[in-house]
Amino acid sequence: MVVDRRRFLQTLGRWGTGMGLAWAARPVVSHGAVSGRVNCAVVGAGGRGRYLMGLAVKDPAVAIVALCDPNRRNLEQAASALARQGRPKAKLAADFRRVLDDPSVDAVIVATPHHWHAPIAVRALEAGKHVYLEKPASHVFREGRLLVEAARRSGRVFQHGTQMRSSEVTEAAGEVLASGVLGEIKMAKAWGVEPRAHHPEPVADSSPPDYLDWDRWLGPAPRRPFNRNRFARWNSYRDYGNGEIGGDGIHDIDLARWGLGVSTHPVRITAHGSRIHLKGESDFPDNMLVAYQYAQDKVLIYENRNFAPYKMHGWDNGNIFYGTEGYMVFSRRGFFQVYLGAEEEKGPGMRGSAGNEQHVANFFQAVRGESKPHADAETAHLSCAVVHLGEIAYRTGRVLHFDPAREDAPSPGGPAPIHIGRTPDGRLVISSENTDALDLFQELMEQMAPRREDYKIFRLKYAWAYGVALTLEEVFKEGQEESEPRYPYWYYYDYGYYRRQGDQSQRARLSRRKPLKFIADPDTNSILVQNATPTQLAKIERLIEFYDQPEPPDSQSVRSTRIFQLRYAKAAEVAEAVKDIYRDLLSPNDKALMQARQRQNTRSYTFVYGSGAGDRSDQATPRFKGLLSVGVNEASNTLLVNAPAQLMTEIGQLIEQLDELARPAVEPVYVLKLDGVSG
């Protein structure tokens with residue numbers, strides 16, 4: 001190919017004089033524009049949040065009015081940084097909802113761990129706030145579509161934190177790609193080869209530091225004790241982060257998709273990843289290679305390795321855009337260079353900024369209605385989806401076929417052998433004869449949205465929870481098979497942000513049927529019902545309502561007190577015998593019973609239904625019904641009994657029998673000495 005150097009020089013001249021005006025000339029679209037000063041809050045006041053705050057206050061028309069973080073140290077450092085910049089004090093909060101409730105806040109910058117990104121951003125948009133959201137916009141696939149819909153409904157500005165979109169280097173490179181000098185762009189490659197330190201070795205859970213609200217930090221993530229590694233290195237754990245591909249690779253993936261010129265999802269994804277160098281605790285591989293096929297006969301490749309001290313084409317992070325006539329090396333560090341023809345002759349090139357300051361400035365310009373955002377919600381979703389689909393393909397170990405229009409993954413080779421329905425309460429019912437298909441479906445669904453725990457708690461007012469649980473278990477033991485759907489395997493799935501508890505490695509898979517469980521708690525007199533279908537749950541509710549009824553009032557239920565005079569037996573011994581026989585009917589605060597326990601230093605025993613065995617514990621206490629109290633008067637050798645009438649009659653007969661059994665076998669003989677009586 002003959003290189004037209006004159007065209008290169010003319011193009012370079014245009015870049016040198018006009019590139020700073022290119023975006024300012026774009027048409028302006030109103031998004032609930034703010035006139036005058038923009039009041040901005042920063043949610044997530046860690047290192048990245050403070051950096052973005054510093055860029056925001058370079059605009060004299062922006063005021064930071066609120067700082068939010070569950071980490072008090074982050075709040076203090078952000079407040080100090082704001083003071084050093086000569087800005088007024090901002091309100092401090094640990095709960096982002098307080099910020100969104102403030103009508104004076106116009107915009108929010110969200111720079112939290114990934115698992116909080118979409119939950120906060122969606123709520124902020126719904127509250128009428130403009131949102132600058134750090135990358136990646138979504139932690140799982142489904143969140144991306146929720147963000148797009150929330151931004152569209154709200155009419156507010158959304159800017160994704162892929163800042164190279166606002167660099168003058170990107171603008172100039174875009175002109176080259178659009179000019180056709182490289183021919184048709186058929187393939188784009190993104191890479192990240194930054195060397196990373198080894199991950200820390202596992203450490204034991206511990207109490208959170210006093211400056212951290214750990215529960216609020218966890219938020220929608222699974223509930224678990226504080227762990228130093230998980231807090232400090234959160235992007236190494238899927239509960240909070242997205243690993244290298246989502247934490248840093250999203251920048252290069254976003255630019256690869258931009259340069260490739262695709263505005264939809266890929267249709268076929270293959271992935272490889274493994275741990276070959278980095279040691280320590282992490283949920284993610286230290287190398288990854290993912291290929292994405294698009295319907296427009298275009299391919300995107302992502303490559304990552306975290307052990308190499310050397311770079312690719314001189315850059316630790318970058319892209320190559322392969323055209324039919326030449327290629328472009330591009331880096332978000334602020335660089336591009338064109339190479340043309342078989343001889344790879346150099347064409348246009350440029351060095352410049354990474355776009356950080358321009359990207360934040362573009363956000364506030366859009367908030368004021370002066371420009372469009374360079375990375376809106378749809379742009380963010382399409383790029384983050386590449387991250388999530390690559391992760392799904394890697395974790396399932398299969399070629400992933402994807403339907404861009406429906407945003408789902410149909411089964412290869414024909415119609416999916418999975419039947420999906422919906423219950424009256426809105427839950428999905430998923431059933432199939434194919435257990436492998438169900439297991440694959442579960443992997444995909446857990447990437448797209450967390451799963452809600454399937455249980456309901458019933459608190460009983462009158463009936464004994466343990467006894468009712470046993471009855472329910474018997475009722476459903478025989479008829480459980482008939483009450484299920486016609487497919488042998490089933491599963492319920494709910495969308496939303498819910499906590500998942502327990503050991504996820506032991507959770508049931510879709511292909512394994514989850515048994516109906518009844519777990520009684522004697523302390524709260526409640527029953528936890530787990531894994532019930534809607535039909536079963538409705539029947540359980542009716543049965544519990546039937547059993548949980550107060551006893552009808554009658555004369556036998558009224559307690560009275562009676563004194564028993566013993567002739568032969570010792571009152572204290574008879575009292576102990578009565579208590580041993582009727583121990584489950586005693587009042588829990590029976591004085592003699594508690595004193596006997598203290599003398600004997602015994603441990604009580606309680607049985608929780610569903611645990612499989614009793615639990616001996618000093619803290620455990622049996623559950624008493626409180627129908628009987630027994631007192632002793634040793635001076636008069638009498639018993640004082642308080643009980644309902646029918647029970648009183650039964651106990652009275654027992655006391656008489658025990659007293660009679662203590663009668664001596666031979667009547668005592670008394671010798672009387674009579675004084676003054678003769679013969």
# chains A, B, ... in the order shown; residues from 1 in each chain; ligands from 1
>>> residues_around(residues="segment 179-190 of chain A", least_positions_apart="2", cutoff="6 Å", atoms="only C-alpha atoms", output="PyMOL selection string")
chain A and resi 176-177+252-253+256+260+298-302+318-326
>>> closest_residue(among="A:Phe441, A:Phe336, A:Trp258, A:Trp191", to="Ile245 of chain A", atoms="only C-alpha atoms")
A:Trp191
>>> select_by_dssp(residues="segment 69-217 of chain A", states="strand (DSSP E)", output="number ranges by chain")
A: 91-93, 107-110, 130-133, 158-160, 185-192
>>> atom_distance(atom1="atom CA of Met328 of chain A", atom2="atom CA of Val386 of chain A")
21.5 Å
>>> residues_around(residues="Leu52 of chain A", least_positions_apart="4", cutoff="8 Å", atoms="only C-alpha atoms", output="list in words")
Arg48, Ala56, Ile109 and Val360 of chain A
>>> write_last_selection(atoms="C-alpha atoms", output="short mmCIF file (atom, residue, chain, number, x, y, z; two decimals), in the first residue's frame")
data_model
loop_
_atom_site.label_atom_id
_atom_site.label_comp_id
_atom_site.auth_asym_id
_atom_site.auth_seq_id
_atom_site.Cartn_x
_atom_site.Cartn_y
_atom_site.Cartn_z
CA ARG A 48 -10.44 6.94 44.64
CA ALA A 56 -14.57 18.01 41.11
CA ILE A 109 -19.99 10.59 42.95
CA VAL A 360 -15.14 14.71 35.70
#
>>> residues_around(residues="Leu537 of chain A", least_positions_apart="6", cutoff="10 Å", atoms="only C-alpha atoms", output="ChimeraX atom specification")
/A:455-456,529-531,543
>>> write_last_selection(atoms="C-alpha atoms", output="PDB file, in the first residue's frame")
ATOM      1  CA  TYR A 455     -37.873 -19.582  53.820  1.00  0.00           C
ATOM      2  CA  LYS A 456     -40.678 -18.195  55.951  1.00  0.00           C
ATOM      3  CA  VAL A 529     -40.274 -23.381  56.998  1.00  0.00           C
ATOM      4  CA  GLN A 530     -37.661 -23.829  54.279  1.00  0.00           C
ATOM      5  CA  ASN A 531     -37.868 -24.850  50.599  1.00  0.00           C
ATOM      6  CA  LEU A 543     -52.569 -25.851  59.229  1.00  0.00           C
TER       7      LEU A 543
END
>>> residues_around(residues="segment 264-266 of chain A", least_positions_apart="4", cutoff="7 Å", atoms="only C-alpha atoms", output="NGL selection string")
:A and (292-295 or 382 or 402 or 404)
>>> write_last_selection(atoms="N, CA and C atoms", output="tab-separated table (two decimals), in the first residue's frame")
chain	number	residue	atom	x	y	z
A	292	TYR	N	-14.30	-12.86	22.19
A	292	TYR	CA	-15.71	-12.51	22.01
A	292	TYR	C	-15.99	-12.35	20.52
A	293	GLN	N	-16.93	-13.14	20.01
A	293	GLN	CA	-17.34	-13.04	18.61
A	293	GLN	C	-18.61	-12.19	18.53
A	294	TYR	N	-18.59	-11.16	17.67
A	294	TYR	CA	-19.76	-10.32	17.45
A	294	TYR	C	-20.45	-10.71	16.15
A	295	ALA	N	-21.75	-10.43	16.07
A	295	ALA	CA	-22.53	-10.81	14.90
A	295	ALA	C	-22.07	-10.08	13.64
A	382	LEU	N	-22.94	-2.00	28.07
A	382	LEU	CA	-22.38	-2.80	26.99
A	382	LEU	C	-20.94	-3.20	27.28
A	402	PHE	N	-24.73	-16.39	23.31
A	402	PHE	CA	-25.51	-15.33	23.95
A	402	PHE	C	-26.42	-14.65	22.94
A	404	PRO	N	-28.03	-11.29	22.15
A	404	PRO	CA	-27.93	-9.87	22.54
A	404	PRO	C	-29.27	-9.19	22.73
>>> residues_around(residues="segment 142-148 of chain A", least_positions_apart="4", cutoff="12 Å", atoms="only C-alpha atoms", output="PyMOL selection string")
chain A and resi 114-126+131+133+135-138+152-160+375-389+406-408+444-450+495-497
>>> residues_around(residues="segment 91-99 of chain A", least_positions_apart="5", cutoff="6 Å", atoms="only C-alpha atoms", output="JSON, numbers by chain")
{"A": [66, 67, 68, 69, 70]}
>>> atom_distance(atom1="atom CA of Gln163 of chain A", atom2="atom CA of Leu75 of chain A")
24.5 Å
>>> closest_residue(among="A:Leu340, A:Ala354, A:Val169, A:Ala361", to="Lys58 of chain A", atoms="only C-alpha atoms")
A:Ala361
>>> closest_residue(among="A:Ile392, A:Gly280, A:Arg332, A:Asp210", to="Arg268 of chain A", atoms="only C-alpha atoms")
A:Ile392
>>> decode(residues="segment 270-314 of chain A", atoms="N, CA and C atoms", output="PDB file, in the first residue's frame")
ATOM      1  N   THR A 270     -15.644 -17.493  24.502  1.00  0.00           N
ATOM      2  CA  THR A 270     -14.824 -18.585  25.028  1.00  0.00           C
ATOM      3  C   THR A 270     -13.776 -17.981  25.950  1.00  0.00           C
ATOM      4  N   ALA A 271     -13.418 -18.716  27.007  1.00  0.00           N
ATOM      5  CA  ALA A 271     -12.503 -18.140  27.998  1.00  0.00           C
ATOM      6  C   ALA A 271     -11.613 -19.206  28.611  1.00  0.00           C
ATOM      7  N   HIS A 272     -10.414 -18.782  28.961  1.00  0.00           N
ATOM      8  CA  HIS A 272      -9.482 -19.606  29.733  1.00  0.00           C
ATOM      9  C   HIS A 272      -8.920 -18.748  30.862  1.00  0.00           C
ATOM     10  N   GLY A 273      -8.699 -19.374  32.009  1.00  0.00           N
ATOM     11  CA  GLY A 273      -8.044 -18.701  33.121  1.00  0.00           C
ATOM     12  C   GLY A 273      -7.509 -19.726  34.090  1.00  0.00           C
ATOM     13  N   SER A 274      -6.475 -19.366  34.843  1.00  0.00           N
ATOM     14  CA  SER A 274      -5.902 -20.293  35.818  1.00  0.00           C
ATOM     15  C   SER A 274      -5.014 -19.523  36.785  1.00  0.00           C
ATOM     16  N   ARG A 275      -4.503 -20.234  37.790  1.00  0.00           N
ATOM     17  CA  ARG A 275      -3.538 -19.664  38.730  1.00  0.00           C
ATOM     18  C   ARG A 275      -2.200 -20.350  38.475  1.00  0.00           C
ATOM     19  N   ILE A 276      -1.247 -19.627  37.915  1.00  0.00           N
ATOM     20  CA  ILE A 276       0.044 -20.231  37.567  1.00  0.00           C
ATOM     21  C   ILE A 276       1.218 -19.525  38.235  1.00  0.00           C
ATOM     22  N   HIS A 277       0.951 -18.429  38.934  1.00  0.00           N
ATOM     23  CA  HIS A 277       2.076 -17.700  39.531  1.00  0.00           C
ATOM     24  C   HIS A 277       1.738 -17.102  40.893  1.00  0.00           C
ATOM     25  N   LEU A 278       0.713 -16.283  40.938  1.00  0.00           N
ATOM     26  CA  LEU A 278       0.401 -15.585  42.184  1.00  0.00           C
ATOM     27  C   LEU A 278      -0.110 -16.556  43.239  1.00  0.00           C
ATOM     28  N   LYS A 279       0.390 -16.392  44.445  1.00  0.00           N
ATOM     29  CA  LYS A 279      -0.018 -17.240  45.564  1.00  0.00           C
ATOM     30  C   LYS A 279      -0.910 -16.442  46.503  1.00  0.00           C
ATOM     31  N   GLY A 280      -1.521 -17.158  47.434  1.00  0.00           N
ATOM     32  CA  GLY A 280      -2.359 -16.497  48.422  1.00  0.00           C
ATOM     33  C   GLY A 280      -3.835 -16.657  48.127  1.00  0.00           C
ATOM     34  N   GLU A 281      -4.637 -15.966  48.907  1.00  0.00           N
ATOM     35  CA  GLU A 281      -6.089 -16.137  48.865  1.00  0.00           C
ATOM     36  C   GLU A 281      -6.730 -15.196  47.843  1.00  0.00           C
ATOM     37  N   SER A 282      -7.427 -15.773  46.871  1.00  0.00           N
ATOM     38  CA  SER A 282      -8.140 -14.986  45.865  1.00  0.00           C
ATOM     39  C   SER A 282      -9.144 -15.885  45.174  1.00  0.00           C
ATOM     40  N   ASP A 283     -10.269 -15.307  44.733  1.00  0.00           N
ATOM     41  CA  ASP A 283     -11.281 -16.054  43.995  1.00  0.00           C
ATOM     42  C   ASP A 283     -11.032 -16.039  42.495  1.00  0.00           C
ATOM     43  N   PHE A 284     -10.011 -15.332  42.031  1.00  0.00           N
ATOM     44  CA  PHE A 284      -9.853 -15.092  40.598  1.00  0.00           C
ATOM     45  C   PHE A 284      -8.528 -15.645  40.078  1.00  0.00           C
ATOM     46  N   PRO A 285      -8.438 -15.887  38.751  1.00  0.00           N
ATOM     47  CA  PRO A 285      -7.191 -16.362  38.156  1.00  0.00           C
ATOM     48  C   PRO A 285      -6.159 -15.245  38.062  1.00  0.00           C
ATOM     49  N   ASP A 286      -4.889 -15.623  37.847  1.00  0.00           N
ATOM     50  CA  ASP A 286      -3.852 -14.608  37.651  1.00  0.00           C
ATOM     51  C   ASP A 286      -3.485 -14.453  36.179  1.00  0.00           C
ATOM     52  N   ASN A 287      -4.158 -15.202  35.316  1.00  0.00           N
ATOM     53  CA  ASN A 287      -4.030 -15.003  33.868  1.00  0.00           C
ATOM     54  C   ASN A 287      -5.361 -15.354  33.231  1.00  0.00           C
ATOM     55  N   MET A 288      -5.672 -14.675  32.146  1.00  0.00           N
ATOM     56  CA  MET A 288      -6.976 -14.881  31.516  1.00  0.00           C
ATOM     57  C   MET A 288      -6.883 -14.525  30.040  1.00  0.00           C
ATOM     58  N   LEU A 289      -7.575 -15.295  29.228  1.00  0.00           N
ATOM     59  CA  LEU A 289      -7.658 -15.031  27.795  1.00  0.00           C
ATOM     60  C   LEU A 289      -9.097 -15.293  27.370  1.00  0.00           C
ATOM     61  N   VAL A 290      -9.765 -14.256  26.873  1.00  0.00           N
ATOM     62  CA  VAL A 290     -11.178 -14.375  26.501  1.00  0.00           C
ATOM     63  C   VAL A 290     -11.348 -13.867  25.075  1.00  0.00           C
ATOM     64  N   ALA A 291     -12.109 -14.609  24.266  1.00  0.00           N
ATOM     65  CA  ALA A 291     -12.410 -14.202  22.887  1.00  0.00           C
ATOM     66  C   ALA A 291     -13.916 -14.004  22.755  1.00  0.00           C
ATOM     67  N   TYR A 292     -14.299 -12.865  22.193  1.00  0.00           N
ATOM     68  CA  TYR A 292     -15.709 -12.510  22.007  1.00  0.00           C
ATOM     69  C   TYR A 292     -15.992 -12.355  20.515  1.00  0.00           C
ATOM     70  N   GLN A 293     -16.929 -13.136  20.007  1.00  0.00           N
ATOM     71  CA  GLN A 293     -17.338 -13.037  18.609  1.00  0.00           C
ATOM     72  C   GLN A 293     -18.607 -12.187  18.528  1.00  0.00           C
ATOM     73  N   TYR A 294     -18.586 -11.157  17.667  1.00  0.00           N
ATOM     74  CA  TYR A 294     -19.763 -10.320  17.452  1.00  0.00           C
ATOM     75  C   TYR A 294     -20.447 -10.712  16.150  1.00  0.00           C
ATOM     76  N   ALA A 295     -21.755 -10.425  16.072  1.00  0.00           N
ATOM     77  CA  ALA A 295     -22.530 -10.807  14.897  1.00  0.00           C
ATOM     78  C   ALA A 295     -22.073 -10.082  13.644  1.00  0.00           C
ATOM     79  N   GLN A 296     -21.412  -8.922  13.788  1.00  0.00           N
ATOM     80  CA  GLN A 296     -20.961  -8.140  12.631  1.00  0.00           C
ATOM     81  C   GLN A 296     -19.633  -8.658  12.080  1.00  0.00           C
ATOM     82  N   ASP A 297     -19.292  -9.928  12.349  1.00  0.00           N
ATOM     83  CA  ASP A 297     -18.024 -10.513  11.904  1.00  0.00           C
ATOM     84  C   ASP A 297     -16.846  -9.727  12.462  1.00  0.00           C
ATOM     85  N   LYS A 298     -16.943  -9.417  13.749  1.00  0.00           N
ATOM     86  CA  LYS A 298     -15.859  -8.738  14.441  1.00  0.00           C
ATOM     87  C   LYS A 298     -15.527  -9.505  15.718  1.00  0.00           C
ATOM     88  N   VAL A 299     -14.270  -9.388  16.140  1.00  0.00           N
ATOM     89  CA  VAL A 299     -13.790 -10.144  17.294  1.00  0.00           C
ATOM     90  C   VAL A 299     -13.089  -9.208  18.270  1.00  0.00           C
ATOM     91  N   LEU A 300     -13.369  -9.416  19.551  1.00  0.00           N
ATOM     92  CA  LEU A 300     -12.675  -8.695  20.622  1.00  0.00           C
ATOM     93  C   LEU A 300     -11.937  -9.718  21.481  1.00  0.00           C
ATOM     94  N   ILE A 301     -10.680  -9.429  21.786  1.00  0.00           N
ATOM     95  CA  ILE A 301      -9.857 -10.340  22.591  1.00  0.00           C
ATOM     96  C   ILE A 301      -9.366  -9.599  23.826  1.00  0.00           C
ATOM     97  N   TYR A 302      -9.498 -10.272  24.979  1.00  0.00           N
ATOM     98  CA  TYR A 302      -8.955  -9.723  26.225  1.00  0.00           C
ATOM     99  C   TYR A 302      -7.865 -10.653  26.739  1.00  0.00           C
ATOM    100  N   GLU A 303      -6.714 -10.075  27.069  1.00  0.00           N
ATOM    101  CA  GLU A 303      -5.576 -10.852  27.570  1.00  0.00           C
ATOM    102  C   GLU A 303      -5.050 -10.206  28.839  1.00  0.00           C
ATOM    103  N   ASN A 304      -4.810 -11.045  29.845  1.00  0.00           N
ATOM    104  CA  ASN A 304      -4.307 -10.536  31.121  1.00  0.00           C
ATOM    105  C   ASN A 304      -3.308 -11.519  31.718  1.00  0.00           C
ATOM    106  N   ARG A 305      -2.233 -10.972  32.265  1.00  0.00           N
ATOM    107  CA  ARG A 305      -1.302 -11.769  33.071  1.00  0.00           C
ATOM    108  C   ARG A 305      -0.677 -10.824  34.092  1.00  0.00           C
ATOM    109  N   ASN A 306      -0.598 -11.279  35.323  1.00  0.00           N
ATOM    110  CA  ASN A 306      -0.179 -10.402  36.414  1.00  0.00           C
ATOM    111  C   ASN A 306       1.178 -10.772  36.999  1.00  0.00           C
ATOM    112  N   PHE A 307       2.029 -11.381  36.208  1.00  0.00           N
ATOM    113  CA  PHE A 307       3.330 -11.789  36.731  1.00  0.00           C
ATOM    114  C   PHE A 307       4.502 -11.224  35.936  1.00  0.00           C
ATOM    115  N   ALA A 308       4.236 -10.547  34.796  1.00  0.00           N
ATOM    116  CA  ALA A 308       5.313 -10.147  33.893  1.00  0.00           C
ATOM    117  C   ALA A 308       5.792  -8.722  34.194  1.00  0.00           C
ATOM    118  N   PRO A 309       7.094  -8.499  34.353  1.00  0.00           N
ATOM    119  CA  PRO A 309       7.606  -7.136  34.569  1.00  0.00           C
ATOM    120  C   PRO A 309       7.716  -6.340  33.272  1.00  0.00           C
ATOM    121  N   TYR A 310       7.592  -7.016  32.120  1.00  0.00           N
ATOM    122  CA  TYR A 310       7.724  -6.349  30.830  1.00  0.00           C
ATOM    123  C   TYR A 310       6.336  -5.989  30.298  1.00  0.00           C
ATOM    124  N   LYS A 311       6.315  -5.205  29.246  1.00  0.00           N
ATOM    125  CA  LYS A 311       5.059  -4.672  28.725  1.00  0.00           C
ATOM    126  C   LYS A 311       4.798  -5.207  27.320  1.00  0.00           C
ATOM    127  N   MET A 312       3.695  -4.786  26.741  1.00  0.00           N
ATOM    128  CA  MET A 312       3.353  -5.139  25.365  1.00  0.00           C
ATOM    129  C   MET A 312       3.310  -3.867  24.535  1.00  0.00           C
ATOM    130  N   HIS A 313       4.110  -3.822  23.487  1.00  0.00           N
ATOM    131  CA  HIS A 313       4.200  -2.637  22.630  1.00  0.00           C
ATOM    132  C   HIS A 313       4.528  -1.391  23.460  1.00  0.00           C
ATOM    133  N   GLY A 314       5.238  -1.610  24.572  1.00  0.00           N
ATOM    134  CA  GLY A 314       5.682  -0.503  25.394  1.00  0.00           C
ATOM    135  C   GLY A 314       4.699  -0.058  26.462  1.00  0.00           C
TER     136      GLY A 314
END
